[in-house]
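Here the structure comes first, spelled out in structure tokens, and everything after it is commentary.
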Amino acid sequence: MSSSEQPDLSASLDEFERIIRAKQSLVRRDARAILLGLGLRLDEGLDIAADLERLARLSAKRRAEWEALLASELELACAEHIHSVDPRYLDLPNYDFEYTLDARERLRLRLIAYEALGHPVAPAWLERIEAADRLLESHRPRDPEKAAPIEPEIDAP
């Protein structure tokens with residue numbers, strides 16, 4: 001994940017708090033930002049206890065809505081990875097392995113954050129993710145230059 005794409009958990013929690021206080025609708029994007037931010041902090045070995053406490057306090061009155069958004073975001077990310085690793089496309093010369101691997105990394109961050117929030121990931125999802133990972137690895141180019149997306153050639157004027 002590029003540094004420009006790295007989630008800012010503090011900003012995401014601030015936005016979540018603003019939405020909660022304004023009694024606005026929560027959307028899956030809110031869950032995505034928080035899951036990615038938590039996952040990144042966990043991956044870096046940082047303490048997230050205060051963040052978890054804040055999140056629990058903020059979401060307490062809208063627990064069911066928040067839990068549904070978390071589950072929906074995780075399921076969508078799982079499905080995206082599973083379906084992106086389609087054998088019909090993996091051997092195409094323009095298959096975007098870089099995008100797929102980056103999306104897989106974001107899924108990994110979501111998974112560790114989801115579990116840190118006390119939600120076990122359904123075994124069926126984990127099995128399908130593992131199968132997709134095996135398939136992806138078996139088709140992944142060993143040459144890093146070939147794993148990068150192919151840029152269209154631009155004719156000089």
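Labeling convention for the structure tokens: chains A, B, ... as they appear, residues from 1 per chain, ligands from 1 in order of appearance.
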Which neighbours of Phe16 in chain A fall inside 9 Å, counting only C-alpha atoms, when residues of the same chain fewer than 3 positions from it are skipped, and could you give them as a VMD selection string? chain A and resid 11 to 13 19 to 21 26 30 to 31 34 55 58 to 59
Please save N, CA and C atoms of the selected residues as a PDB file, in the first residue's frame.
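Ended up saving to selection.pdb:
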ATOM      1  N   ALA A  11      -7.895  10.435  11.997  1.00  0.00           N
ATOM      2  CA  ALA A  11      -8.830  11.213  11.172  1.00  0.00           C
ATOM      3  C   ALA A  11     -10.117  10.425  10.939  1.00  0.00           C
ATOM      4  N   SER A  12      -9.994   9.129  10.739  1.00  0.00           N
ATOM      5  CA  SER A  12     -11.183   8.295  10.525  1.00  0.00           C
ATOM      6  C   SER A  12     -12.067   8.262  11.767  1.00  0.00           C
ATOM      7  N   LEU A  13     -11.461   8.166  12.932  1.00  0.00           N
ATOM      8  CA  LEU A  13     -12.241   8.179  14.173  1.00  0.00           C
ATOM      9  C   LEU A  13     -12.864   9.546  14.424  1.00  0.00           C
ATOM     10  N   ILE A  19     -19.929  12.113  12.509  1.00  0.00           N
ATOM     11  CA  ILE A  19     -21.129  11.486  11.939  1.00  0.00           C
ATOM     12  C   ILE A  19     -22.086  11.055  13.047  1.00  0.00           C
ATOM     13  N   ILE A  20     -21.524  10.434  14.080  1.00  0.00           N
ATOM     14  CA  ILE A  20     -22.352   9.960  15.203  1.00  0.00           C
ATOM     15  C   ILE A  20     -23.025  11.146  15.895  1.00  0.00           C
ATOM     16  N   ARG A  21     -22.248  12.175  16.187  1.00  0.00           N
ATOM     17  CA  ARG A  21     -22.802  13.349  16.880  1.00  0.00           C
ATOM     18  C   ARG A  21     -23.860  14.058  16.032  1.00  0.00           C
ATOM     19  N   LEU A  26     -24.364   6.203   8.683  1.00  0.00           N
ATOM     20  CA  LEU A  26     -23.056   5.582   8.519  1.00  0.00           C
ATOM     21  C   LEU A  26     -23.058   4.841   7.195  1.00  0.00           C
ATOM     22  N   ASP A  30     -17.064   4.311   5.962  1.00  0.00           N
ATOM     23  CA  ASP A  30     -16.641   4.611   7.332  1.00  0.00           C
ATOM     24  C   ASP A  30     -16.020   3.372   7.977  1.00  0.00           C
ATOM     25  N   ALA A  31     -16.649   2.239   7.769  1.00  0.00           N
ATOM     26  CA  ALA A  31     -16.115   0.987   8.307  1.00  0.00           C
ATOM     27  C   ALA A  31     -14.776   0.653   7.652  1.00  0.00           C
ATOM     28  N   ILE A  34     -11.858   2.759   9.075  1.00  0.00           N
ATOM     29  CA  ILE A  34     -11.501   2.368  10.440  1.00  0.00           C
ATOM     30  C   ILE A  34     -10.848   0.995  10.457  1.00  0.00           C
ATOM     31  N   LEU A  55     -13.759   3.851  19.883  1.00  0.00           N
ATOM     32  CA  LEU A  55     -14.684   3.300  18.899  1.00  0.00           C
ATOM     33  C   LEU A  55     -15.883   2.637  19.583  1.00  0.00           C
ATOM     34  N   LEU A  58     -18.134   5.402  20.938  1.00  0.00           N
ATOM     35  CA  LEU A  58     -18.850   6.122  19.883  1.00  0.00           C
ATOM     36  C   LEU A  58     -19.949   5.289  19.236  1.00  0.00           C
ATOM     37  N   SER A  59     -19.694   4.014  19.065  1.00  0.00           N
ATOM     38  CA  SER A  59     -20.655   3.165  18.346  1.00  0.00           C
ATOM     39  C   SER A  59     -21.703   2.527  19.251  1.00  0.00           C
TER      40      SER A  59
END
Neighbouring residues of Asp86 in chain A were defined as those with any atom within 10 Å, considering only C-alpha atoms; residues of the same chain fewer than 6 positions away were excluded. Please report them as an MDAnalysis selection string. chainID A and resid 132 135:136
Option closest in space to Ile48 in chain A, from A:His139, A:Arg88, A:Leu35, A:Ala64 [counting only C-alpha atoms]: A:Leu35
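Among the candidates A:Lys61, A:His81, A:Arg54, A:Arg140, the residue lying nearest to Pro93 in chain A is A:Arg140 (atoms considered: only C-alpha atoms).
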Nearby residues (only C-alpha atoms) at most 12 Å from Leu126 in chain A, same-chain spacing under 6 positions excluded, as an MDAnalysis selection string: chainID A and resid 74:75 78:79 81:82 107:108 111 120 132:133
Please, could you write that set of residues out with N, CA and C atoms as a CSV table (one decimal), in the first residue's frame?
chain,number,residue,atom,x,y,z
A,74,LEU,N,-16.3,-6.2,5.3
A,74,LEU,CA,-15.3,-7.3,5.2
A,74,LEU,C,-15.8,-8.3,4.2
A,75,GLU,N,-17.1,-8.6,4.1
A,75,GLU,CA,-17.6,-9.6,3.1
A,75,GLU,C,-17.3,-9.1,1.7
A,78,CYS,N,-13.6,-9.5,1.0
A,78,CYS,CA,-13.3,-11.0,0.7
A,78,CYS,C,-13.8,-11.4,-0.6
A,79,ALA,N,-15.0,-11.0,-1.0
A,79,ALA,CA,-15.5,-11.4,-2.3
A,79,ALA,C,-14.7,-10.8,-3.4
A,81,HIS,N,-11.6,-10.1,-3.5
A,81,HIS,CA,-10.3,-10.9,-3.7
A,81,HIS,C,-10.6,-12.2,-4.3
A,82,ILE,N,-11.6,-12.9,-3.8
A,82,ILE,CA,-11.9,-14.2,-4.3
A,82,ILE,C,-12.3,-14.2,-5.8
A,107,LEU,N,-7.0,-6.4,2.3
A,107,LEU,CA,-7.9,-7.4,2.9
A,107,LEU,C,-7.3,-8.0,4.2
A,108,ARG,N,-6.0,-8.2,4.1
A,108,ARG,CA,-5.3,-8.8,5.3
A,108,ARG,C,-5.4,-7.8,6.5
A,111,LEU,N,-8.9,-8.0,7.9
A,111,LEU,CA,-9.1,-9.2,8.6
A,111,LEU,C,-8.6,-9.1,10.0
A,120,PRO,N,-15.0,-13.0,15.0
A,120,PRO,CA,-14.3,-14.0,14.3
A,120,PRO,C,-14.7,-14.0,12.8
A,132,ALA,N,-8.1,-18.9,-3.0
A,132,ALA,CA,-7.8,-17.8,-4.0
A,132,ALA,C,-6.3,-17.4,-3.9
A,133,ASP,N,-5.8,-17.4,-2.7
A,133,ASP,CA,-4.4,-17.1,-2.5
A,133,ASP,C,-3.5,-18.2,-3.2
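Going from CA of Ala131 in chain A over to CA of Ala103 in chain A, you cover 15.9 Å.
For the pair CA of Glu73 in chain A and CA of Val27 in chain A, the interatomic distance is 9.5 Å.
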From a backbone DSSP assignment, name each residue in range 37-125 of chain A labelled helix (DSSP H, G or I), as a VMD selection string. chain A and resid 37 to 43 49 to 84 87 to 90 97 to 116 123 to 125
